[in-house]
>>> print(open('my_file.pdb').read())   # PDB, C-alpha atoms and all ligand atoms
ATOM      1  CA  MET X 135     151.379  44.179 120.859  1.00  0.00           C
ATOM      2  CA  ASP X 136     152.285  42.726 117.518  1.00  0.00           C
ATOM      3  CA  TYR X 137     148.817  43.313 116.164  1.00  0.00           C
ATOM      4  CA  LEU X 138     149.132  47.057 116.578  1.00  0.00           C
ATOM      5  CA  TRP X 139     151.676  47.042 113.803  1.00  0.00           C
ATOM      6  CA  SER X 140     149.888  44.506 111.709  1.00  0.00           C
ATOM      7  CA  PRO X 141     146.288  44.704 112.808  1.00  0.00           C
ATOM      8  CA  TRP X 142     145.046  42.582 109.947  1.00  0.00           C
ATOM      9  CA  ARG X 143     146.661  39.778 111.841  1.00  0.00           C
ATOM     10  CA  TYR X 144     144.232  40.358 114.587  1.00  0.00           C
ATOM     11  CA  ALA X 145     142.336  37.417 113.271  1.00  0.00           C
ATOM     12  CA  TYR X 146     139.627  37.330 110.854  1.00  0.00           C
ATOM     13  CA  VAL X 147     137.446  34.711 112.308  1.00  0.00           C
ATOM     14  CA  SER X 148     136.899  32.617 115.261  1.00  0.00           C
ATOM     15  CA  GLY X 149     134.886  29.673 114.125  1.00  0.00           C
ATOM     16  CA  ALA X 150     134.751  30.006 110.386  1.00  0.00           C
ATOM     17  CA  THR X 151     138.117  28.395 109.924  1.00  0.00           C
ATOM     18  CA  HIS X 152     136.802  25.149 111.293  1.00  0.00           C
ATOM     19  CA  ARG X 153     134.099  24.857 108.709  1.00  0.00           C
ATOM     20  CA  ASP X 154     134.448  23.013 105.452  1.00  0.00           C
ATOM     21  CA  VAL X 155     133.092  25.808 103.318  1.00  0.00           C
ATOM     22  CA  CYS X 156     135.397  28.679 102.452  1.00  0.00           C
ATOM     23  CA  ILE X 157     133.666  31.802 103.736  1.00  0.00           C
ATOM     24  CA  PHE X 158     134.858  33.955 100.845  1.00  0.00           C
ATOM     25  CA  CYS X 159     133.549  31.471  98.303  1.00  0.00           C
ATOM     26  CA  GLU X 160     130.332  31.331 100.272  1.00  0.00           C
ATOM     27  CA  MET X 161     130.039  35.132 100.249  1.00  0.00           C
ATOM     28  CA  ALA X 162     130.732  35.175  96.527  1.00  0.00           C
ATOM     29  CA  SER X 163     128.161  32.525  95.753  1.00  0.00           C
ATOM     30  CA  ASP X 164     124.840  34.287  96.204  1.00  0.00           C
ATOM     31  CA  PRO X 165     124.265  38.025  95.648  1.00  0.00           C
ATOM     32  CA  ALA X 166     120.811  37.712  97.223  1.00  0.00           C
ATOM     33  CA  GLN X 167     122.516  37.208 100.573  1.00  0.00           C
ATOM     34  CA  ASP X 168     124.954  40.084 100.311  1.00  0.00           C
ATOM     35  CA  ARG X 169     123.351  42.069 103.115  1.00  0.00           C
ATOM     36  CA  GLU X 170     123.429  39.192 105.619  1.00  0.00           C
ATOM     37  CA  ARG X 171     126.921  38.203 104.595  1.00  0.00           C
ATOM     38  CA  LEU X 172     128.162  41.784 104.774  1.00  0.00           C
ATOM     39  CA  VAL X 173     129.187  41.974 101.123  1.00  0.00           C
ATOM     40  CA  LEU X 174     129.509  45.694 100.408  1.00  0.00           C
ATOM     41  CA  HIS X 175     130.332  45.695  96.767  1.00  0.00           C
ATOM     42  CA  ARG X 176     130.877  43.334  93.860  1.00  0.00           C
ATOM     43  CA  GLY X 177     133.503  44.188  91.312  1.00  0.00           C
ATOM     44  CA  ARG X 178     133.986  42.184  88.164  1.00  0.00           C
ATOM     45  CA  LEU X 179     136.708  39.986  89.663  1.00  0.00           C
ATOM     46  CA  ASN X 180     136.698  40.812  93.375  1.00  0.00           C
ATOM     47  CA  LEU X 181     134.262  41.535  96.141  1.00  0.00           C
ATOM     48  CA  ILE X 182     134.468  43.819  99.151  1.00  0.00           C
ATOM     49  CA  VAL X 183     133.183  42.604 102.501  1.00  0.00           C
ATOM     50  CA  LEU X 184     132.933  44.064 105.938  1.00  0.00           C
ATOM     51  CA  ASN X 185     134.946  42.156 108.505  1.00  0.00           C
ATOM     52  CA  ARG X 186     132.523  40.515 110.914  1.00  0.00           C
ATOM     53  CA  PHE X 187     135.183  40.678 113.610  1.00  0.00           C
ATOM     54  CA  PRO X 188     136.615  44.120 112.995  1.00  0.00           C
ATOM     55  CA  TYR X 189     139.800  45.476 114.467  1.00  0.00           C
ATOM     56  CA  THR X 190     138.456  48.998 113.997  1.00  0.00           C
ATOM     57  CA  SER X 191     135.208  50.391 112.684  1.00  0.00           C
ATOM     58  CA  GLY X 192     135.317  50.237 108.910  1.00  0.00           C
ATOM     59  CA  HIS X 193     137.597  47.196 108.770  1.00  0.00           C
ATOM     60  CA  VAL X 194     136.947  45.705 105.336  1.00  0.00           C
ATOM     61  CA  MET X 195     138.476  43.074 103.097  1.00  0.00           C
ATOM     62  CA  ILE X 196     138.847  42.687  99.361  1.00  0.00           C
ATOM     63  CA  ALA X 197     138.871  39.122  98.065  1.00  0.00           C
ATOM     64  CA  PRO X 198     138.946  37.730  94.540  1.00  0.00           C
ATOM     65  CA  TYR X 199     136.092  35.484  93.459  1.00  0.00           C
ATOM     66  CA  GLN X 200     138.757  32.960  92.579  1.00  0.00           C
ATOM     67  CA  HIS X 201     139.651  30.591  95.405  1.00  0.00           C
ATOM     68  CA  VAL X 202     143.436  30.945  95.444  1.00  0.00           C
ATOM     69  CA  ALA X 203     146.041  31.114  98.183  1.00  0.00           C
ATOM     70  CA  THR X 204     148.835  33.097  96.563  1.00  0.00           C
ATOM     71  CA  LEU X 205     149.292  36.214  94.462  1.00  0.00           C
ATOM     72  CA  ALA X 206     151.040  34.074  91.880  1.00  0.00           C
ATOM     73  CA  ASP X 207     147.721  32.352  91.220  1.00  0.00           C
ATOM     74  CA  LEU X 208     145.953  35.579  90.330  1.00  0.00           C
ATOM     75  CA  GLY X 209     145.878  37.171  86.915  1.00  0.00           C
ATOM     76  CA  VAL X 210     147.007  40.730  86.365  1.00  0.00           C
ATOM     77  CA  GLU X 211     143.449  41.918  85.785  1.00  0.00           C
ATOM     78  CA  THR X 212     142.306  40.593  89.130  1.00  0.00           C
ATOM     79  CA  LEU X 213     145.294  42.092  90.918  1.00  0.00           C
ATOM     80  CA  SER X 214     144.721  45.376  89.207  1.00  0.00           C
ATOM     81  CA  GLU X 215     141.054  45.481  90.135  1.00  0.00           C
ATOM     82  CA  MET X 216     141.957  44.620  93.707  1.00  0.00           C
ATOM     83  CA  MET X 217     144.110  47.745  93.922  1.00  0.00           C
ATOM     84  CA  THR X 218     141.485  49.854  92.167  1.00  0.00           C
ATOM     85  CA  LEU X 219     138.958  48.709  94.763  1.00  0.00           C
ATOM     86  CA  ALA X 220     141.445  49.509  97.520  1.00  0.00           C
ATOM     87  CA  ARG X 221     141.584  53.034  96.125  1.00  0.00           C
ATOM     88  CA  ALA X 222     137.787  53.253  96.137  1.00  0.00           C
ATOM     89  CA  LEU X 223     137.799  52.037  99.732  1.00  0.00           C
ATOM     90  CA  GLU X 224     140.306  54.681 100.703  1.00  0.00           C
ATOM     91  CA  ALA X 225     137.781  57.243  99.465  1.00  0.00           C
ATOM     92  CA  ALA X 226     134.813  55.489 101.068  1.00  0.00           C
ATOM     93  CA  LEU X 227     136.543  55.214 104.434  1.00  0.00           C
ATOM     94  CA  ARG X 228     137.687  58.820 104.241  1.00  0.00           C
ATOM     95  CA  GLU X 229     134.123  59.950 103.715  1.00  0.00           C
ATOM     96  CA  ALA X 230     132.628  57.676 106.355  1.00  0.00           C
ATOM     97  CA  TYR X 231     135.240  57.873 109.116  1.00  0.00           C
ATOM     98  CA  ARG X 232     137.651  60.747 108.498  1.00  0.00           C
ATOM     99  CA  PRO X 233     140.613  58.603 109.543  1.00  0.00           C
ATOM    100  CA  ASP X 234     144.161  59.889 109.881  1.00  0.00           C
ATOM    101  CA  GLY X 235     145.628  56.900 108.069  1.00  0.00           C
ATOM    102  CA  TYR X 236     145.010  53.425 106.727  1.00  0.00           C
ATOM    103  CA  ASN X 237     146.449  49.970 107.090  1.00  0.00           C
ATOM    104  CA  LEU X 238     146.453  47.677 104.103  1.00  0.00           C
ATOM    105  CA  GLY X 239     147.710  44.177 104.588  1.00  0.00           C
ATOM    106  CA  MET X 240     147.653  40.614 103.502  1.00  0.00           C
ATOM    107  CA  ASN X 241     148.663  37.426 105.265  1.00  0.00           C
ATOM    108  CA  LEU X 242     149.700  34.708 102.873  1.00  0.00           C
ATOM    109  CA  GLY X 243     149.821  31.373 104.612  1.00  0.00           C
ATOM    110  CA  ARG X 244     148.802  30.302 108.070  1.00  0.00           C
ATOM    111  CA  SER X 245     152.248  30.859 109.517  1.00  0.00           C
ATOM    112  CA  ALA X 246     151.911  34.494 108.461  1.00  0.00           C
ATOM    113  CA  GLY X 247     148.735  34.795 110.451  1.00  0.00           C
ATOM    114  CA  ALA X 248     146.082  34.163 107.838  1.00  0.00           C
ATOM    115  CA  GLY X 249     142.774  33.188 109.393  1.00  0.00           C
ATOM    116  CA  ILE X 250     141.503  31.908 106.058  1.00  0.00           C
ATOM    117  CA  ALA X 251     144.704  30.714 104.453  1.00  0.00           C
ATOM    118  CA  ASN X 252     143.305  29.139 101.317  1.00  0.00           C
ATOM    119  CA  HIS X 253     141.580  32.184  99.922  1.00  0.00           C
ATOM    120  CA  LEU X 254     143.712  35.294  99.936  1.00  0.00           C
ATOM    121  CA  HIS X 255     142.248  38.645 100.902  1.00  0.00           C
ATOM    122  CA  LEU X 256     143.454  42.176 101.437  1.00  0.00           C
ATOM    123  CA  HIS X 257     142.542  43.899 104.691  1.00  0.00           C
ATOM    124  CA  VAL X 258     141.902  47.631 104.586  1.00  0.00           C
ATOM    125  CA  LEU X 259     141.426  49.512 107.864  1.00  0.00           C
ATOM    126  CA  PRO X 260     141.089  53.142 108.816  1.00  0.00           C
ATOM    127  CA  ARG X 261     143.324  54.357 111.662  1.00  0.00           C
ATOM    128  CA  TRP X 262     143.239  57.405 113.864  1.00  0.00           C
ATOM    129  CA  ASN X 263     145.915  59.343 115.659  1.00  0.00           C
ATOM    130  CA  GLY X 264     146.047  57.961 119.154  1.00  0.00           C
ATOM    131  CA  ASP X 265     144.116  54.774 118.554  1.00  0.00           C
ATOM    132  CA  VAL X 266     147.252  52.760 119.266  1.00  0.00           C
ATOM    133  CA  ASN X 267     147.990  54.673 122.442  1.00  0.00           C
ATOM    134  CA  PHE X 268     144.479  54.280 123.618  1.00  0.00           C
ATOM    135  CA  MET X 269     144.489  50.576 123.024  1.00  0.00           C
ATOM    136  CA  THR X 270     147.881  50.259 124.634  1.00  0.00           C
ATOM    137  CA  SER X 271     146.654  51.990 127.723  1.00  0.00           C
ATOM    138  CA  ILE X 272     143.832  49.571 128.140  1.00  0.00           C
ATOM    139  CA  SER X 273     146.138  46.660 127.324  1.00  0.00           C
ATOM    140  CA  ASP X 274     144.266  43.686 126.006  1.00  0.00           C
ATOM    141  CA  THR X 275     140.902  45.300 125.864  1.00  0.00           C
ATOM    142  CA  ARG X 276     140.015  46.527 122.445  1.00  0.00           C
ATOM    143  CA  VAL X 277     137.882  49.486 121.586  1.00  0.00           C
ATOM    144  CA  LEU X 278     134.495  48.234 120.605  1.00  0.00           C
ATOM    145  CA  PRO X 279     133.811  49.356 117.080  1.00  0.00           C
ATOM    146  CA  GLU X 280     130.434  50.666 116.026  1.00  0.00           C
ATOM    147  CA  ASP X 281     127.869  48.017 115.206  1.00  0.00           C
ATOM    148  CA  LEU X 282     128.154  46.251 111.893  1.00  0.00           C
ATOM    149  CA  ASP X 283     124.833  47.482 110.531  1.00  0.00           C
ATOM    150  CA  THR X 284     125.956  51.075 110.895  1.00  0.00           C
ATOM    151  CA  SER X 285     129.266  50.354 109.182  1.00  0.00           C
ATOM    152  CA  TYR X 286     127.504  48.441 106.452  1.00  0.00           C
ATOM    153  CA  GLU X 287     125.080  51.228 105.666  1.00  0.00           C
ATOM    154  CA  LYS X 288     127.778  53.889 105.598  1.00  0.00           C
ATOM    155  CA  LEU X 289     130.064  52.002 103.268  1.00  0.00           C
ATOM    156  CA  ALA X 290     127.487  50.284 101.071  1.00  0.00           C
ATOM    157  CA  GLY X 291     125.916  53.714 100.568  1.00  0.00           C
ATOM    158  CA  PHE X 292     129.177  55.005  99.182  1.00  0.00           C
ATOM    159  CA  PHE X 293     129.325  52.275  96.569  1.00  0.00           C
ATOM    160  CA  ARG X 294     125.669  52.645  95.655  1.00  0.00           C
ATOM    161  CA  GLN X 295     126.233  56.351  95.054  1.00  0.00           C
ATOM    162  CA  ALA X 296     129.386  55.671  93.072  1.00  0.00           C
ATOM    163  CA  ALA X 297     127.481  53.211  90.900  1.00  0.00           C
ATOM    164  CA  ALA X 298     124.693  55.717  90.321  1.00  0.00           C
ATOM    165  CA  ALA X 299     127.067  58.548  89.384  1.00  0.00           C
ATOM    166  CA  PRO X 300     127.359  59.297  85.668  1.00  0.00           C
TER     167      PRO X 300
HETATM  168 ZN    ZN X 401     137.400  30.392  98.703  1.00  0.00          ZN
END
>>> encode(input="my_file.pdb", output="structure tokens", more="lines below")
Ligand SMILES: [Zn+2]
Amino acid sequence: MDYLWSPWRYAYVSGATHRDVCIFCEMASDPAQDRERLVLHRGRLNLIVLNRFPYTSGHVMIAPYQHVATLADLGVETLSEMMTLARALEAALREAYRPDGYNLGMNLGRSAGAGIANHLHLHVLPRWNGDVNFMTSISDTRVLPEDLDTSYEKLAGFFRQAAAAP
């Protein structure tokens, strides 16, 4: 039940970790493929992506463009933008999902549970009253989140609107 307290540990990826290419660097590399790669938004120093293997609907991640493993390797501007994007996500998730709370978390290092240990990323997830109880009651079976296209459209729409606002 550990993952109920730290759901970002509930694994980013099965599969991607065995590949040579870092998936975050890959996502960062080509804006033309943002839709397929589930990139929701590009900041100046960080991008926001939808988790392909979500713990809940609306499970997203913020990753710097820089391929670094530790916070110590990131400049203050990047760290600051990461938190500013987390704030924007709080608003986006509120609008899209009306959650009762949020989890924000980071796993630094494989022993801490990082699926992609070499490129740090911040998980942001909406939570609802009772979602833990529900999942507990069905033990190892997880609630199937909505499909990724639906999540993508909801959240990408928020950022498109925000960008269009004066
Ligand atoms: Zn990388």
>>> residues_near_ligand(input="my_file.pdb", ligand="ligand ZN 401 (chain X)", cutoff="6 Å", atoms="all atoms listed in the file", output="PyMOL selection string")
chain X and resi 156+158-159+201+253
>>> resolve_selection(input="my_file.pdb", expression="the PyMOL selection byres (((chain X and resi 238) around 8) and not hetatm)", output="JSON, numbers by chain")
{"X": [142, 236, 237, 239, 240, 256, 257, 258, 259]}
>>> write_last_selection(input="my_file.pdb", atoms="C-alpha atoms", output="PDB file, keeping the file's coordinate frame")
ATOM      1  CA  TRP X 142     145.046  42.582 109.947  1.00  0.00           C
ATOM      2  CA  TYR X 236     145.010  53.425 106.727  1.00  0.00           C
ATOM      3  CA  ASN X 237     146.449  49.970 107.090  1.00  0.00           C
ATOM      4  CA  GLY X 239     147.710  44.177 104.588  1.00  0.00           C
ATOM      5  CA  MET X 240     147.653  40.614 103.502  1.00  0.00           C
ATOM      6  CA  LEU X 256     143.454  42.176 101.437  1.00  0.00           C
ATOM      7  CA  HIS X 257     142.542  43.899 104.691  1.00  0.00           C
ATOM      8  CA  VAL X 258     141.902  47.631 104.586  1.00  0.00           C
ATOM      9  CA  LEU X 259     141.426  49.512 107.864  1.00  0.00           C
TER      10      LEU X 259
END
>>> resolve_selection(input="my_file.pdb", expression="the PyMOL selection byres (((chain X and resi 262) around 10) and not hetatm)", output="list in words")
Thr190, Tyr231, Arg232, Pro233, Asp234, Gly235, Tyr236, Pro260, Arg261, Asn263, Gly264, Asp265 and Val266 of chain X
>>> residues_near_point(input="my_file.pdb", point="(144.7, 42.9, 96.6)", cutoff="6 Å", atoms="all atoms listed in the file", output="ChimeraX atom specification")
/X:213,216-217,256
>>> atom_distance(input="my_file.pdb", atom1="CA of Ile196 (chain X)", atom2="CA of Ile182 (chain X)")
4.5 Å
>>> resolve_selection(input="my_file.pdb", expression="the PyMOL selection byres (((chain X and resi 202) around 12) and not hetatm)", output="list in words")
Cys156, Phe158, Cys159, Ala197, Pro198, Tyr199, Gln200, His201, Ala203, Thr204, Leu205, Ala206, Asp207, Leu208, Gly209, Thr212, Leu242, Gly243, Ile250, Ala251, Asn252, His253, Leu254 and His255 of chain X
>>> atom_distance(input="my_file.pdb", atom1="CA of Val183 (chain X)", atom2="CA of Arg228 (chain X)")
16.9 Å
>>> atom_distance(input="my_file.pdb", atom1="CA of Glu280 (chain X)", atom2="CA of Ala222 (chain X)")
21.4 Å
>>> closest_residue(input="my_file.pdb", among="X:Met195, X:Arg171, X:Asn185, X:Val210", to="Ser285 (chain X)", atoms="all atoms listed in the file")
X:Asn185
>>> decode(input="my_file.pdb", residues="region 183-210 of chain X", atoms="C-alpha atoms", output="PDB file, in the first residue's frame")
ATOM      1  CA  VAL X 183       3.716  15.958 -20.053  1.00  0.00           C
ATOM      2  CA  LEU X 184       0.837  13.664 -19.378  1.00  0.00           C
ATOM      3  CA  ASN X 185       1.881  10.424 -17.735  1.00  0.00           C
ATOM      4  CA  ARG X 186       1.289   7.611 -20.206  1.00  0.00           C
ATOM      5  CA  PHE X 187       0.795   5.235 -17.293  1.00  0.00           C
ATOM      6  CA  PRO X 188      -1.256   7.384 -14.957  1.00  0.00           C
ATOM      7  CA  TYR X 189      -1.980   6.636 -11.342  1.00  0.00           C
ATOM      8  CA  THR X 190      -5.096   8.795 -11.575  1.00  0.00           C
ATOM      9  CA  SER X 191      -6.718  10.734 -14.373  1.00  0.00           C
ATOM     10  CA  GLY X 192      -4.799  13.957 -14.819  1.00  0.00           C
ATOM     11  CA  HIS X 193      -1.478  12.530 -13.638  1.00  0.00           C
ATOM     12  CA  VAL X 194       1.123  14.838 -15.170  1.00  0.00           C
ATOM     13  CA  MET X 195       4.833  15.473 -14.847  1.00  0.00           C
ATOM     14  CA  ILE X 196       7.014  18.542 -15.114  1.00  0.00           C
ATOM     15  CA  ALA X 197      10.544  17.955 -16.373  1.00  0.00           C
ATOM     16  CA  PRO X 198      13.350  20.365 -17.203  1.00  0.00           C
ATOM     17  CA  TYR X 199      14.732  20.328 -20.730  1.00  0.00           C
ATOM     18  CA  GLN X 200      18.103  19.785 -19.124  1.00  0.00           C
ATOM     19  CA  HIS X 201      19.028  16.136 -18.644  1.00  0.00           C
ATOM     20  CA  VAL X 202      19.994  16.137 -14.967  1.00  0.00           C
ATOM     21  CA  ALA X 203      19.456  13.728 -12.099  1.00  0.00           C
ATOM     22  CA  THR X 204      19.526  16.003  -9.068  1.00  0.00           C
ATOM     23  CA  LEU X 205      18.106  19.329  -7.948  1.00  0.00           C
ATOM     24  CA  ALA X 206      21.647  20.493  -7.312  1.00  0.00           C
ATOM     25  CA  ASP X 207      22.248  20.358 -11.058  1.00  0.00           C
ATOM     26  CA  LEU X 208      19.426  22.758 -11.837  1.00  0.00           C
ATOM     27  CA  GLY X 209      19.687  26.518 -11.866  1.00  0.00           C
ATOM     28  CA  VAL X 210      17.409  28.677  -9.770  1.00  0.00           C
TER      29      VAL X 210
END
